[in-house]
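With PDB, C-alpha atoms, pLDDT in the B column inside, this is model_16.pdb:
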MODEL        1
ATOM      1  CA  GLU L   1     -23.975 -60.590 131.886  1.00 63.00           C
ATOM      2  CA  ALA L   2     -23.623 -59.798 135.560  1.00 80.00           C
ATOM      3  CA  GLY L   3     -20.599 -57.735 136.495  1.00 93.00           C
ATOM      4  CA  VAL L   4     -17.985 -58.229 139.176  1.00 96.00           C
ATOM      5  CA  ALA L   5     -19.612 -58.194 142.601  1.00 96.00           C
ATOM      6  CA  GLN L   6     -17.883 -56.966 145.744  1.00 97.00           C
ATOM      7  CA  SER L   7     -18.907 -56.686 149.355  1.00 96.00           C
ATOM      8  CA  PRO L   8     -19.061 -54.877 151.613  1.00 97.00           C
ATOM      9  CA  ARG L   9     -19.159 -51.551 149.792  1.00 96.00           C
ATOM     10  CA  TYR L  10     -17.936 -49.601 152.816  1.00 97.00           C
ATOM     11  CA  LYS L  11     -16.067 -50.540 155.954  1.00 97.00           C
ATOM     12  CA  ILE L  12     -14.810 -48.489 158.859  1.00 98.00           C
ATOM     13  CA  ILE L  13     -12.446 -50.120 161.359  1.00 97.00           C
ATOM     14  CA  GLU L  14      -9.897 -49.055 163.918  1.00 97.00           C
ATOM     15  CA  LYS L  15      -6.191 -49.633 163.415  1.00 96.00           C
ATOM     16  CA  ARG L  16      -4.927 -53.055 164.413  1.00 96.00           C
ATOM     17  CA  GLN L  17      -8.328 -54.612 163.687  1.00 97.00           C
ATOM     18  CA  SER L  18      -8.800 -57.133 160.908  1.00 97.00           C
ATOM     19  CA  VAL L  19     -11.051 -56.859 157.867  1.00 97.00           C
ATOM     20  CA  ALA L  20     -12.022 -59.057 154.935  1.00 97.00           C
ATOM     21  CA  PHE L  21     -13.341 -58.239 151.498  1.00 97.00           C
ATOM     22  CA  TRP L  22     -15.195 -60.557 149.156  1.00 97.00           C
ATOM     23  CA  CYS L  23     -15.243 -60.671 145.367  1.00 97.00           C
ATOM     24  CA  ASN L  24     -17.306 -62.692 142.913  1.00 96.00           C
ATOM     25  CA  PRO L  25     -15.913 -62.351 139.366  1.00 95.00           C
ATOM     26  CA  ILE L  26     -17.806 -62.535 136.115  1.00 94.00           C
ATOM     27  CA  SER L  27     -18.874 -66.103 135.425  1.00 93.00           C
ATOM     28  CA  GLY L  28     -16.280 -67.999 133.434  1.00 90.00           C
ATOM     29  CA  HIS L  29     -13.451 -65.555 134.078  1.00 91.00           C
ATOM     30  CA  ALA L  30     -10.342 -67.462 135.034  1.00 90.00           C
ATOM     31  CA  THR L  31      -8.172 -64.512 136.025  1.00 91.00           C
ATOM     32  CA  LEU L  32      -8.915 -62.412 139.100  1.00 94.00           C
ATOM     33  CA  TYR L  33      -7.100 -59.333 140.359  1.00 94.00           C
ATOM     34  CA  TRP L  34      -7.135 -57.322 143.574  1.00 97.00           C
ATOM     35  CA  TYR L  35      -6.087 -53.680 143.350  1.00 96.00           C
ATOM     36  CA  GLN L  36      -5.589 -51.006 145.993  1.00 97.00           C
ATOM     37  CA  GLN L  37      -6.617 -47.477 144.971  1.00 95.00           C
ATOM     38  CA  ILE L  38      -5.512 -44.748 147.345  1.00 94.00           C
ATOM     39  CA  LEU L  39      -7.398 -41.466 147.011  1.00 91.00           C
ATOM     40  CA  GLY L  40      -6.056 -39.442 144.105  1.00 88.00           C
ATOM     41  CA  GLN L  41      -3.984 -42.285 142.672  1.00 91.00           C
ATOM     42  CA  GLY L  42      -4.381 -44.978 140.084  1.00 92.00           C
ATOM     43  CA  PRO L  43      -5.104 -48.571 141.100  1.00 94.00           C
ATOM     44  CA  LYS L  44      -2.095 -50.628 142.174  1.00 94.00           C
ATOM     45  CA  LEU L  45      -2.117 -54.387 141.717  1.00 93.00           C
ATOM     46  CA  LEU L  46      -1.896 -56.380 144.938  1.00 96.00           C
ATOM     47  CA  ILE L  47      -2.371 -59.926 143.679  1.00 95.00           C
ATOM     48  CA  GLN L  48      -3.359 -61.794 140.529  1.00 93.00           C
ATOM     49  CA  PHE L  49      -4.914 -65.263 140.427  1.00 93.00           C
ATOM     50  CA  GLN L  50      -5.223 -67.632 137.499  1.00 90.00           C
ATOM     51  CA  ASN L  51      -7.998 -70.003 138.526  1.00 89.00           C
ATOM     52  CA  ASN L  52      -7.057 -70.799 142.134  1.00 87.00           C
ATOM     53  CA  GLY L  53      -3.314 -70.284 141.731  1.00 91.00           C
ATOM     54  CA  VAL L  54      -1.352 -67.108 142.451  1.00 93.00           C
ATOM     55  CA  VAL L  55       0.316 -65.604 139.367  1.00 90.00           C
ATOM     56  CA  ASP L  56       1.728 -62.412 140.866  1.00 90.00           C
ATOM     57  CA  ASP L  57       1.745 -61.248 144.471  1.00 93.00           C
ATOM     58  CA  SER L  58       4.948 -59.241 144.344  1.00 91.00           C
ATOM     59  CA  GLN L  59       3.266 -56.043 145.591  1.00 91.00           C
ATOM     60  CA  LEU L  60       1.181 -57.654 148.323  1.00 95.00           C
ATOM     61  CA  PRO L  61       2.357 -56.686 151.848  1.00 94.00           C
ATOM     62  CA  LYS L  62       2.418 -60.273 152.994  1.00 94.00           C
ATOM     63  CA  ASP L  63       3.052 -59.433 156.632  1.00 95.00           C
ATOM     64  CA  ARG L  64      -0.509 -58.127 156.916  1.00 97.00           C
ATOM     65  CA  PHE L  65      -2.370 -58.898 153.686  1.00 97.00           C
ATOM     66  CA  SER L  66      -3.540 -62.310 152.531  1.00 97.00           C
ATOM     67  CA  ALA L  67      -5.802 -63.470 149.735  1.00 97.00           C
ATOM     68  CA  GLU L  68      -7.267 -66.714 148.571  1.00 95.00           C
ATOM     69  CA  ARG L  69      -9.386 -67.927 145.713  1.00 95.00           C
ATOM     70  CA  LEU L  70     -10.865 -71.253 146.688  1.00 82.00           C
ATOM     71  CA  LYS L  71     -12.273 -73.367 143.857  1.00 85.00           C
ATOM     72  CA  GLY L  72     -11.119 -70.766 141.343  1.00 84.00           C
ATOM     73  CA  VAL L  73     -14.233 -68.601 141.617  1.00 92.00           C
ATOM     74  CA  ASP L  74     -14.846 -66.279 144.598  1.00 95.00           C
ATOM     75  CA  SER L  75     -11.971 -64.591 146.320  1.00 97.00           C
ATOM     76  CA  THR L  76     -11.352 -62.953 149.681  1.00 97.00           C
ATOM     77  CA  LEU L  77      -8.740 -60.372 150.602  1.00 98.00           C
ATOM     78  CA  LYS L  78      -7.861 -59.976 154.271  1.00 98.00           C
ATOM     79  CA  ILE L  79      -5.929 -57.346 156.173  1.00 97.00           C
ATOM     80  CA  GLN L  80      -4.686 -58.210 159.658  1.00 96.00           C
ATOM     81  CA  PRO L  81      -3.795 -55.998 161.455  1.00 96.00           C
ATOM     82  CA  ALA L  82      -4.900 -52.880 159.599  1.00 96.00           C
ATOM     83  CA  LYS L  83      -2.862 -49.684 159.563  1.00 97.00           C
ATOM     84  CA  LEU L  84      -3.965 -46.124 158.921  1.00 97.00           C
ATOM     85  CA  GLU L  85      -2.254 -46.164 155.521  1.00 96.00           C
ATOM     86  CA  ASP L  86      -4.473 -49.052 154.406  1.00 97.00           C
ATOM     87  CA  SER L  87      -7.351 -46.602 153.998  1.00 97.00           C
ATOM     88  CA  ALA L  88      -8.202 -46.941 150.308  1.00 97.00           C
ATOM     89  CA  VAL L  89     -10.647 -48.447 147.857  1.00 96.00           C
ATOM     90  CA  TYR L  90     -10.027 -52.128 147.206  1.00 98.00           C
ATOM     91  CA  LEU L  91     -10.992 -53.077 143.695  1.00 97.00           C
ATOM     92  CA  CYS L  92     -11.532 -56.538 142.353  1.00 97.00           C
ATOM     93  CA  ALA L  93     -11.276 -57.177 138.632  1.00 95.00           C
ATOM     94  CA  SER L  94     -11.562 -60.217 136.413  1.00 93.00           C
ATOM     95  CA  SER L  95     -10.687 -61.166 132.868  1.00 91.00           C
ATOM     96  CA  PHE L  96     -11.577 -64.142 130.731  1.00 86.00           C
ATOM     97  CA  ASP L  97      -8.026 -65.382 130.854  1.00 70.00           C
ATOM     98  CA  ARG L  98      -4.500 -63.996 130.966  1.00 64.00           C
ATOM     99  CA  ALA L  99      -4.367 -63.651 127.205  1.00 66.00           C
ATOM    100  CA  ARG L 100      -7.408 -61.353 127.117  1.00 65.00           C
ATOM    101  CA  GLU L 101      -6.222 -58.082 128.521  1.00 75.00           C
ATOM    102  CA  THR L 102      -9.609 -56.470 129.139  1.00 87.00           C
ATOM    103  CA  GLN L 103     -10.163 -56.343 132.860  1.00 91.00           C
ATOM    104  CA  TYR L 104     -13.651 -55.788 134.241  1.00 93.00           C
ATOM    105  CA  PHE L 105     -13.721 -54.003 137.578  1.00 95.00           C
ATOM    106  CA  GLY L 106     -16.161 -54.244 140.428  1.00 96.00           C
ATOM    107  CA  PRO L 107     -17.430 -51.162 142.297  1.00 95.00           C
ATOM    108  CA  GLY L 108     -14.832 -51.563 145.028  1.00 96.00           C
ATOM    109  CA  THR L 109     -14.863 -51.606 148.821  1.00 97.00           C
ATOM    110  CA  ARG L 110     -14.029 -48.306 150.463  1.00 97.00           C
ATOM    111  CA  LEU L 111     -12.021 -48.918 153.658  1.00 98.00           C
ATOM    112  CA  LEU L 112     -11.420 -46.285 156.290  1.00 97.00           C
ATOM    113  CA  VAL L 113      -8.991 -47.137 159.083  1.00 97.00           C
ATOM    114  CA  LEU L 114      -9.255 -44.850 162.130  1.00 97.00           C
TER     115      LEU L 114
ATOM    116  CA  GLN K 115      10.966 -48.504 134.844  1.00 55.00           C
ATOM    117  CA  GLN K 116       7.397 -49.608 135.393  1.00 66.00           C
ATOM    118  CA  GLN K 117       6.051 -46.074 135.835  1.00 89.00           C
ATOM    119  CA  VAL K 118       3.387 -44.467 133.729  1.00 95.00           C
ATOM    120  CA  LYS K 119       3.228 -40.697 134.115  1.00 96.00           C
ATOM    121  CA  GLN K 120      -0.055 -38.953 133.369  1.00 97.00           C
ATOM    122  CA  SER K 121      -0.927 -35.297 132.887  1.00 95.00           C
ATOM    123  CA  PRO K 122      -2.717 -33.063 133.565  1.00 96.00           C
ATOM    124  CA  GLN K 123      -4.032 -33.934 137.004  1.00 96.00           C
ATOM    125  CA  SER K 124      -7.256 -32.062 136.278  1.00 97.00           C
ATOM    126  CA  LEU K 125      -8.840 -30.632 133.161  1.00 97.00           C
ATOM    127  CA  ILE K 126     -11.813 -28.346 132.609  1.00 98.00           C
ATOM    128  CA  VAL K 127     -13.305 -28.159 129.128  1.00 97.00           C
ATOM    129  CA  GLN K 128     -16.349 -26.479 127.690  1.00 97.00           C
ATOM    130  CA  LYS K 129     -19.080 -28.604 126.153  1.00 97.00           C
ATOM    131  CA  GLY K 130     -18.193 -29.342 122.545  1.00 97.00           C
ATOM    132  CA  GLY K 131     -14.486 -28.827 123.103  1.00 97.00           C
ATOM    133  CA  ILE K 132     -11.612 -31.268 122.779  1.00 97.00           C
ATOM    134  CA  SER K 133     -10.176 -32.919 125.884  1.00 98.00           C
ATOM    135  CA  ILE K 134      -6.582 -34.134 125.662  1.00 98.00           C
ATOM    136  CA  ILE K 135      -4.863 -36.267 128.297  1.00 98.00           C
ATOM    137  CA  ASN K 136      -1.261 -37.349 127.971  1.00 98.00           C
ATOM    138  CA  CYS K 137       0.748 -40.282 129.276  1.00 98.00           C
ATOM    139  CA  ALA K 138       4.396 -41.244 129.101  1.00 97.00           C
ATOM    140  CA  TYR K 139       5.953 -44.593 129.879  1.00 96.00           C
ATOM    141  CA  GLU K 140       9.466 -45.856 130.471  1.00 93.00           C
ATOM    142  CA  ASN K 141       9.391 -49.583 129.804  1.00 91.00           C
ATOM    143  CA  THR K 142       9.741 -50.117 126.057  1.00 91.00           C
ATOM    144  CA  ALA K 143       8.571 -53.711 126.496  1.00 90.00           C
ATOM    145  CA  PHE K 144       5.006 -52.621 127.298  1.00 92.00           C
ATOM    146  CA  ASP K 145       2.734 -53.986 124.576  1.00 90.00           C
ATOM    147  CA  TYR K 146      -0.776 -52.938 125.566  1.00 91.00           C
ATOM    148  CA  PHE K 147      -2.013 -49.438 126.404  1.00 94.00           C
ATOM    149  CA  PRO K 148      -5.603 -49.060 127.612  1.00 94.00           C
ATOM    150  CA  TRP K 149      -7.519 -46.057 128.859  1.00 96.00           C
ATOM    151  CA  TYR K 150     -10.013 -46.521 131.672  1.00 96.00           C
ATOM    152  CA  GLN K 151     -12.881 -44.232 132.682  1.00 97.00           C
ATOM    153  CA  GLN K 152     -14.010 -44.080 136.294  1.00 95.00           C
ATOM    154  CA  PHE K 153     -17.120 -42.395 137.664  1.00 95.00           C
ATOM    155  CA  PRO K 154     -17.435 -41.614 141.398  1.00 91.00           C
ATOM    156  CA  GLY K 155     -18.315 -44.703 143.398  1.00 89.00           C
ATOM    157  CA  LYS K 156     -17.701 -47.023 140.456  1.00 91.00           C
ATOM    158  CA  GLY K 157     -14.839 -49.189 139.345  1.00 93.00           C
ATOM    159  CA  PRO K 158     -12.783 -48.251 136.279  1.00 94.00           C
ATOM    160  CA  ALA K 159     -14.225 -49.331 132.928  1.00 94.00           C
ATOM    161  CA  LEU K 160     -12.230 -49.908 129.749  1.00 93.00           C
ATOM    162  CA  LEU K 161     -12.746 -47.078 127.286  1.00 95.00           C
ATOM    163  CA  ILE K 162     -10.338 -47.791 124.455  1.00 95.00           C
ATOM    164  CA  ALA K 163      -6.985 -49.550 124.035  1.00 93.00           C
ATOM    165  CA  ILE K 164      -4.108 -49.639 121.573  1.00 93.00           C
ATOM    166  CA  ARG K 165      -1.066 -51.767 120.787  1.00 90.00           C
ATOM    167  CA  PRO K 166       2.310 -50.259 119.826  1.00 90.00           C
ATOM    168  CA  ASP K 167       2.132 -51.413 116.192  1.00 90.00           C
ATOM    169  CA  VAL K 168      -0.618 -48.852 115.541  1.00 92.00           C
ATOM    170  CA  SER K 169      -0.188 -45.065 115.736  1.00 94.00           C
ATOM    171  CA  GLU K 170      -3.832 -44.171 116.165  1.00 96.00           C
ATOM    172  CA  LYS K 171      -7.096 -45.804 117.114  1.00 96.00           C
ATOM    173  CA  LYS K 172     -10.494 -44.180 117.010  1.00 96.00           C
ATOM    174  CA  GLU K 173     -13.747 -45.322 118.557  1.00 95.00           C
ATOM    175  CA  GLY K 174     -16.560 -42.817 118.221  1.00 96.00           C
ATOM    176  CA  ARG K 175     -15.508 -39.565 119.892  1.00 97.00           C
ATOM    177  CA  PHE K 176     -12.490 -41.186 121.571  1.00 97.00           C
ATOM    178  CA  THR K 177      -9.089 -41.431 119.888  1.00 97.00           C
ATOM    179  CA  ILE K 178      -5.767 -42.765 121.151  1.00 97.00           C
ATOM    180  CA  SER K 179      -2.635 -41.349 119.552  1.00 96.00           C
ATOM    181  CA  PHE K 180       0.507 -43.396 120.102  1.00 96.00           C
ATOM    182  CA  ASN K 181       4.105 -42.247 119.596  1.00 95.00           C
ATOM    183  CA  LYS K 182       6.406 -45.223 120.078  1.00 93.00           C
ATOM    184  CA  SER K 183       9.666 -43.317 119.598  1.00 93.00           C
ATOM    185  CA  ALA K 184       8.692 -40.729 122.203  1.00 95.00           C
ATOM    186  CA  LYS K 185       7.190 -43.363 124.508  1.00 95.00           C
ATOM    187  CA  GLN K 186       4.032 -41.311 124.797  1.00 96.00           C
ATOM    188  CA  PHE K 187       0.351 -41.842 124.157  1.00 97.00           C
ATOM    189  CA  SER K 188      -2.650 -39.611 124.540  1.00 98.00           C
ATOM    190  CA  LEU K 189      -6.430 -39.710 124.709  1.00 98.00           C
ATOM    191  CA  HIS K 190      -8.449 -37.223 122.697  1.00 98.00           C
ATOM    192  CA  ILE K 191     -12.139 -36.751 123.442  1.00 98.00           C
ATOM    193  CA  MET K 192     -13.833 -34.879 120.632  1.00 97.00           C
ATOM    194  CA  ASP K 193     -17.050 -32.911 121.158  1.00 97.00           C
ATOM    195  CA  SER K 194     -16.724 -33.353 124.932  1.00 97.00           C
ATOM    196  CA  GLN K 195     -20.028 -33.701 126.791  1.00 97.00           C
ATOM    197  CA  PRO K 196     -20.970 -33.147 130.461  1.00 97.00           C
ATOM    198  CA  GLY K 197     -21.534 -36.912 130.688  1.00 97.00           C
ATOM    199  CA  ASP K 198     -17.832 -37.402 129.956  1.00 97.00           C
ATOM    200  CA  SER K 199     -16.999 -35.797 133.305  1.00 98.00           C
ATOM    201  CA  ALA K 200     -15.075 -38.531 135.109  1.00 97.00           C
ATOM    202  CA  THR K 201     -11.574 -39.582 136.064  1.00 96.00           C
ATOM    203  CA  TYR K 202      -9.508 -41.052 133.250  1.00 98.00           C
ATOM    204  CA  PHE K 203      -6.587 -43.404 133.777  1.00 97.00           C
ATOM    205  CA  CYS K 204      -4.031 -44.488 131.253  1.00 97.00           C
ATOM    206  CA  ALA K 205      -2.337 -47.806 131.818  1.00 95.00           C
ATOM    207  CA  ALA K 206       0.233 -50.125 130.307  1.00 94.00           C
ATOM    208  CA  SER K 207       0.973 -53.808 130.536  1.00 89.00           C
ATOM    209  CA  LEU K 208       3.504 -56.336 129.356  1.00 83.00           C
ATOM    210  CA  SER K 209       2.405 -59.634 127.841  1.00 73.00           C
ATOM    211  CA  ALA K 210      -1.031 -59.499 129.490  1.00 67.00           C
ATOM    212  CA  ARG K 211       0.493 -59.229 132.929  1.00 73.00           C
ATOM    213  CA  GLN K 212      -0.419 -56.638 135.523  1.00 80.00           C
ATOM    214  CA  LEU K 213      -1.673 -53.227 134.449  1.00 88.00           C
ATOM    215  CA  THR K 214       0.424 -50.272 135.592  1.00 92.00           C
ATOM    216  CA  PHE K 215      -1.865 -47.273 135.936  1.00 94.00           C
ATOM    217  CA  GLY K 216      -1.162 -43.578 135.659  1.00 95.00           C
ATOM    218  CA  SER K 217      -2.219 -41.261 138.472  1.00 94.00           C
ATOM    219  CA  GLY K 218      -5.449 -40.182 136.798  1.00 96.00           C
ATOM    220  CA  THR K 219      -6.961 -37.042 135.270  1.00 97.00           C
ATOM    221  CA  GLN K 220     -10.156 -35.572 136.624  1.00 97.00           C
ATOM    222  CA  LEU K 221     -12.088 -34.213 133.648  1.00 98.00           C
ATOM    223  CA  THR K 222     -14.893 -31.710 134.089  1.00 98.00           C
ATOM    224  CA  VAL K 223     -16.950 -30.733 131.051  1.00 97.00           C
ATOM    225  CA  LEU K 224     -18.917 -27.561 131.625  1.00 97.00           C
ATOM    226  CA  PRO K 225     -22.409 -27.349 130.093  1.00 93.00           C
TER     227      PRO K 225
ENDMDL
END

Mind turning this structure into structure tokens?
Amino acid sequence: EAGVAQSPRYKIIEKRQSVAFWCNPISGHATLYWYQQILGQGPKLLIQFQNNGVVDDSQLPKDRFSAERLKGVDSTLKIQPAKLEDSAVYLCASSFDRARETQYFGPGTRLLVL
Amino acid sequence: QQQVKQSPQSLIVQKGGISIINCAYENTAFDYFPWYQQFPGKGPALLIAIRPDVSEKKEGRFTISFNKSAKQFSLHIMDSQPGDSATYFCAASLSARQLTFGSGTQLTVLP
């Protein structure tokens, strides 16, 4: 089966600009996650969707980050305006449903904010 | 209370040796403990996972040892190979909610 797809793979922007990332989960996976992975650290959950509803966004900096999952399939994560400390890899993951813990990760989008 | 502490930060092992990575957690309610393997430029991939009702789980060369009373678990890689060189993350979750990851261990297996 096809894996989790993400685009773009790399993005360089200047601070205060906006940026958006796209994720297409594995077909049939109801649960979708966005993680932020800062260099040298483990991934940190930003937001979790179950179908098109938000399950957990407690660690999402809502003043600048937003995410949506229209129609319960693809998802976009947006940062506006970006800060230097947002430089990281943004990983999308999906799982069949919340009861199946195995999460399948995409390759990530590497963001550099100058 | 949601932290997962991982050590060592980096590990160098000779081919054929045993690699051991340790993790400790604080939240006794965690009920799922996976290990993920990440190669450069790739997303993490599930390697092996264990639940707290089992003290050990083995899959091929990879073994998780779990000590519930000490709130610790470890990954053992037997007969380590150069292809095992990657970053390994332990993680924990509660009732299939968000994964809390450790800080990662960069493993290098010398040929």

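Going from CA of Asp74 in chain L to CA of Asp86 in chain L covers 22.4 Å.
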
Please write the residues picked by the PyMOL selection byres ((chain L and resi 56) around 9) on this file as a JSON list (two decimals) with C-alpha atoms, keeping the file's coordinate frame.
[["chain", "number", "residue", "atom", "x", "y", "z"],
["L", 45, "LEU", "CA", -2.12, -54.39, 141.72],
["L", 46, "LEU", "CA", -1.90, -56.38, 144.94],
["L", 47, "ILE", "CA", -2.37, -59.93, 143.68],
["L", 48, "GLN", "CA", -3.36, -61.79, 140.53],
["L", 49, "PHE", "CA", -4.91, -65.26, 140.43],
["L", 54, "VAL", "CA", -1.35, -67.11, 142.45],
["L", 55, "VAL", "CA", 0.32, -65.60, 139.37],
["L", 57, "ASP", "CA", 1.74, -61.25, 144.47],
["L", 58, "SER", "CA", 4.95, -59.24, 144.34],
["L", 59, "GLN", "CA", 3.27, -56.04, 145.59],
["L", 60, "LEU", "CA", 1.18, -57.65, 148.32],
["K", 211, "ARG", "CA", 0.49, -59.23, 132.93],
["K", 212, "GLN", "CA", -0.42, -56.64, 135.52]]

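CA of Tyr104 in chain L sits 17.5 Å away from CA of Gly216 in chain K.
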
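Counting from CA of Leu221 in chain K, the distance to CA of Pro158 in chain K is 14.3 Å.
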
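Closest approach to Glu140 in chain K among K:Thr214, K:Gln128, K:Gln117, K:Ser179: K:Gln117, based on all atoms listed in the file.
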
Report as a ChimeraX atom specification the set of chain L residues whose atoms approach chain K to within 12 Å, with distances computed over all atoms listed in the file.
/L:3-6,9-10,31-50,55-59,89-110

Please produce a file of the residues just selected, as a PDB file, in the frame of the given file, where the atoms kept are C-alpha atoms.
ATOM      1  CA  GLY L   3     -20.599 -57.735 136.495  1.00 93.00           C
ATOM      2  CA  VAL L   4     -17.985 -58.229 139.176  1.00 96.00           C
ATOM      3  CA  ALA L   5     -19.612 -58.194 142.601  1.00 96.00           C
ATOM      4  CA  GLN L   6     -17.883 -56.966 145.744  1.00 97.00           C
ATOM      5  CA  ARG L   9     -19.159 -51.551 149.792  1.00 96.00           C
ATOM      6  CA  TYR L  10     -17.936 -49.601 152.816  1.00 97.00           C
ATOM      7  CA  THR L  31      -8.172 -64.512 136.025  1.00 91.00           C
ATOM      8  CA  LEU L  32      -8.915 -62.412 139.100  1.00 94.00           C
ATOM      9  CA  TYR L  33      -7.100 -59.333 140.359  1.00 94.00           C
ATOM     10  CA  TRP L  34      -7.135 -57.322 143.574  1.00 97.00           C
ATOM     11  CA  TYR L  35      -6.087 -53.680 143.350  1.00 96.00           C
ATOM     12  CA  GLN L  36      -5.589 -51.006 145.993  1.00 97.00           C
ATOM     13  CA  GLN L  37      -6.617 -47.477 144.971  1.00 95.00           C
ATOM     14  CA  ILE L  38      -5.512 -44.748 147.345  1.00 94.00           C
ATOM     15  CA  LEU L  39      -7.398 -41.466 147.011  1.00 91.00           C
ATOM     16  CA  GLY L  40      -6.056 -39.442 144.105  1.00 88.00           C
ATOM     17  CA  GLN L  41      -3.984 -42.285 142.672  1.00 91.00           C
ATOM     18  CA  GLY L  42      -4.381 -44.978 140.084  1.00 92.00           C
ATOM     19  CA  PRO L  43      -5.104 -48.571 141.100  1.00 94.00           C
ATOM     20  CA  LYS L  44      -2.095 -50.628 142.174  1.00 94.00           C
ATOM     21  CA  LEU L  45      -2.117 -54.387 141.717  1.00 93.00           C
ATOM     22  CA  LEU L  46      -1.896 -56.380 144.938  1.00 96.00           C
ATOM     23  CA  ILE L  47      -2.371 -59.926 143.679  1.00 95.00           C
ATOM     24  CA  GLN L  48      -3.359 -61.794 140.529  1.00 93.00           C
ATOM     25  CA  PHE L  49      -4.914 -65.263 140.427  1.00 93.00           C
ATOM     26  CA  GLN L  50      -5.223 -67.632 137.499  1.00 90.00           C
ATOM     27  CA  VAL L  55       0.316 -65.604 139.367  1.00 90.00           C
ATOM     28  CA  ASP L  56       1.728 -62.412 140.866  1.00 90.00           C
ATOM     29  CA  ASP L  57       1.745 -61.248 144.471  1.00 93.00           C
ATOM     30  CA  SER L  58       4.948 -59.241 144.344  1.00 91.00           C
ATOM     31  CA  GLN L  59       3.266 -56.043 145.591  1.00 91.00           C
ATOM     32  CA  VAL L  89     -10.647 -48.447 147.857  1.00 96.00           C
ATOM     33  CA  TYR L  90     -10.027 -52.128 147.206  1.00 98.00           C
ATOM     34  CA  LEU L  91     -10.992 -53.077 143.695  1.00 97.00           C
ATOM     35  CA  CYS L  92     -11.532 -56.538 142.353  1.00 97.00           C
ATOM     36  CA  ALA L  93     -11.276 -57.177 138.632  1.00 95.00           C
ATOM     37  CA  SER L  94     -11.562 -60.217 136.413  1.00 93.00           C
ATOM     38  CA  SER L  95     -10.687 -61.166 132.868  1.00 91.00           C
ATOM     39  CA  PHE L  96     -11.577 -64.142 130.731  1.00 86.00           C
ATOM     40  CA  ASP L  97      -8.026 -65.382 130.854  1.00 70.00           C
ATOM     41  CA  ARG L  98      -4.500 -63.996 130.966  1.00 64.00           C
ATOM     42  CA  ALA L  99      -4.367 -63.651 127.205  1.00 66.00           C
ATOM     43  CA  ARG L 100      -7.408 -61.353 127.117  1.00 65.00           C
ATOM     44  CA  GLU L 101      -6.222 -58.082 128.521  1.00 75.00           C
ATOM     45  CA  THR L 102      -9.609 -56.470 129.139  1.00 87.00           C
ATOM     46  CA  GLN L 103     -10.163 -56.343 132.860  1.00 91.00           C
ATOM     47  CA  TYR L 104     -13.651 -55.788 134.241  1.00 93.00           C
ATOM     48  CA  PHE L 105     -13.721 -54.003 137.578  1.00 95.00           C
ATOM     49  CA  GLY L 106     -16.161 -54.244 140.428  1.00 96.00           C
ATOM     50  CA  PRO L 107     -17.430 -51.162 142.297  1.00 95.00           C
ATOM     51  CA  GLY L 108     -14.832 -51.563 145.028  1.00 96.00           C
ATOM     52  CA  THR L 109     -14.863 -51.606 148.821  1.00 97.00           C
ATOM     53  CA  ARG L 110     -14.029 -48.306 150.463  1.00 97.00           C
TER      54      ARG L 110
END

Neighbourhood query: residues within 8 Å of (-8.4, -73.3, 143.3), file coordinates, counting all atoms listed in the file; return as a PDB file with C-alpha atoms, in the coordinates of the input.
ATOM      1  CA  ASN L  51      -7.998 -70.003 138.526  1.00 89.00           C
ATOM      2  CA  ASN L  52      -7.057 -70.799 142.134  1.00 87.00           C
ATOM      3  CA  GLY L  53      -3.314 -70.284 141.731  1.00 91.00           C
ATOM      4  CA  ARG L  69      -9.386 -67.927 145.713  1.00 95.00           C
ATOM      5  CA  LEU L  70     -10.865 -71.253 146.688  1.00 82.00           C
ATOM      6  CA  LYS L  71     -12.273 -73.367 143.857  1.00 85.00           C
ATOM      7  CA  GLY L  72     -11.119 -70.766 141.343  1.00 84.00           C
ATOM      8  CA  VAL L  73     -14.233 -68.601 141.617  1.00 92.00           C
TER       9      VAL L  73
END

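For the choices K:Ile135, K:Leu161, K:Ile126, K:Ala206, the atom-to-atom distance to Leu189 in chain K is smallest for K:Ile135 when using only C-alpha atoms.
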
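With all atoms listed in the file as the basis for measurement, K:Val223 is the residue among K:Ala138, K:Ala143, K:Val127, K:Val223 that approaches Ala200 in chain K most closely.
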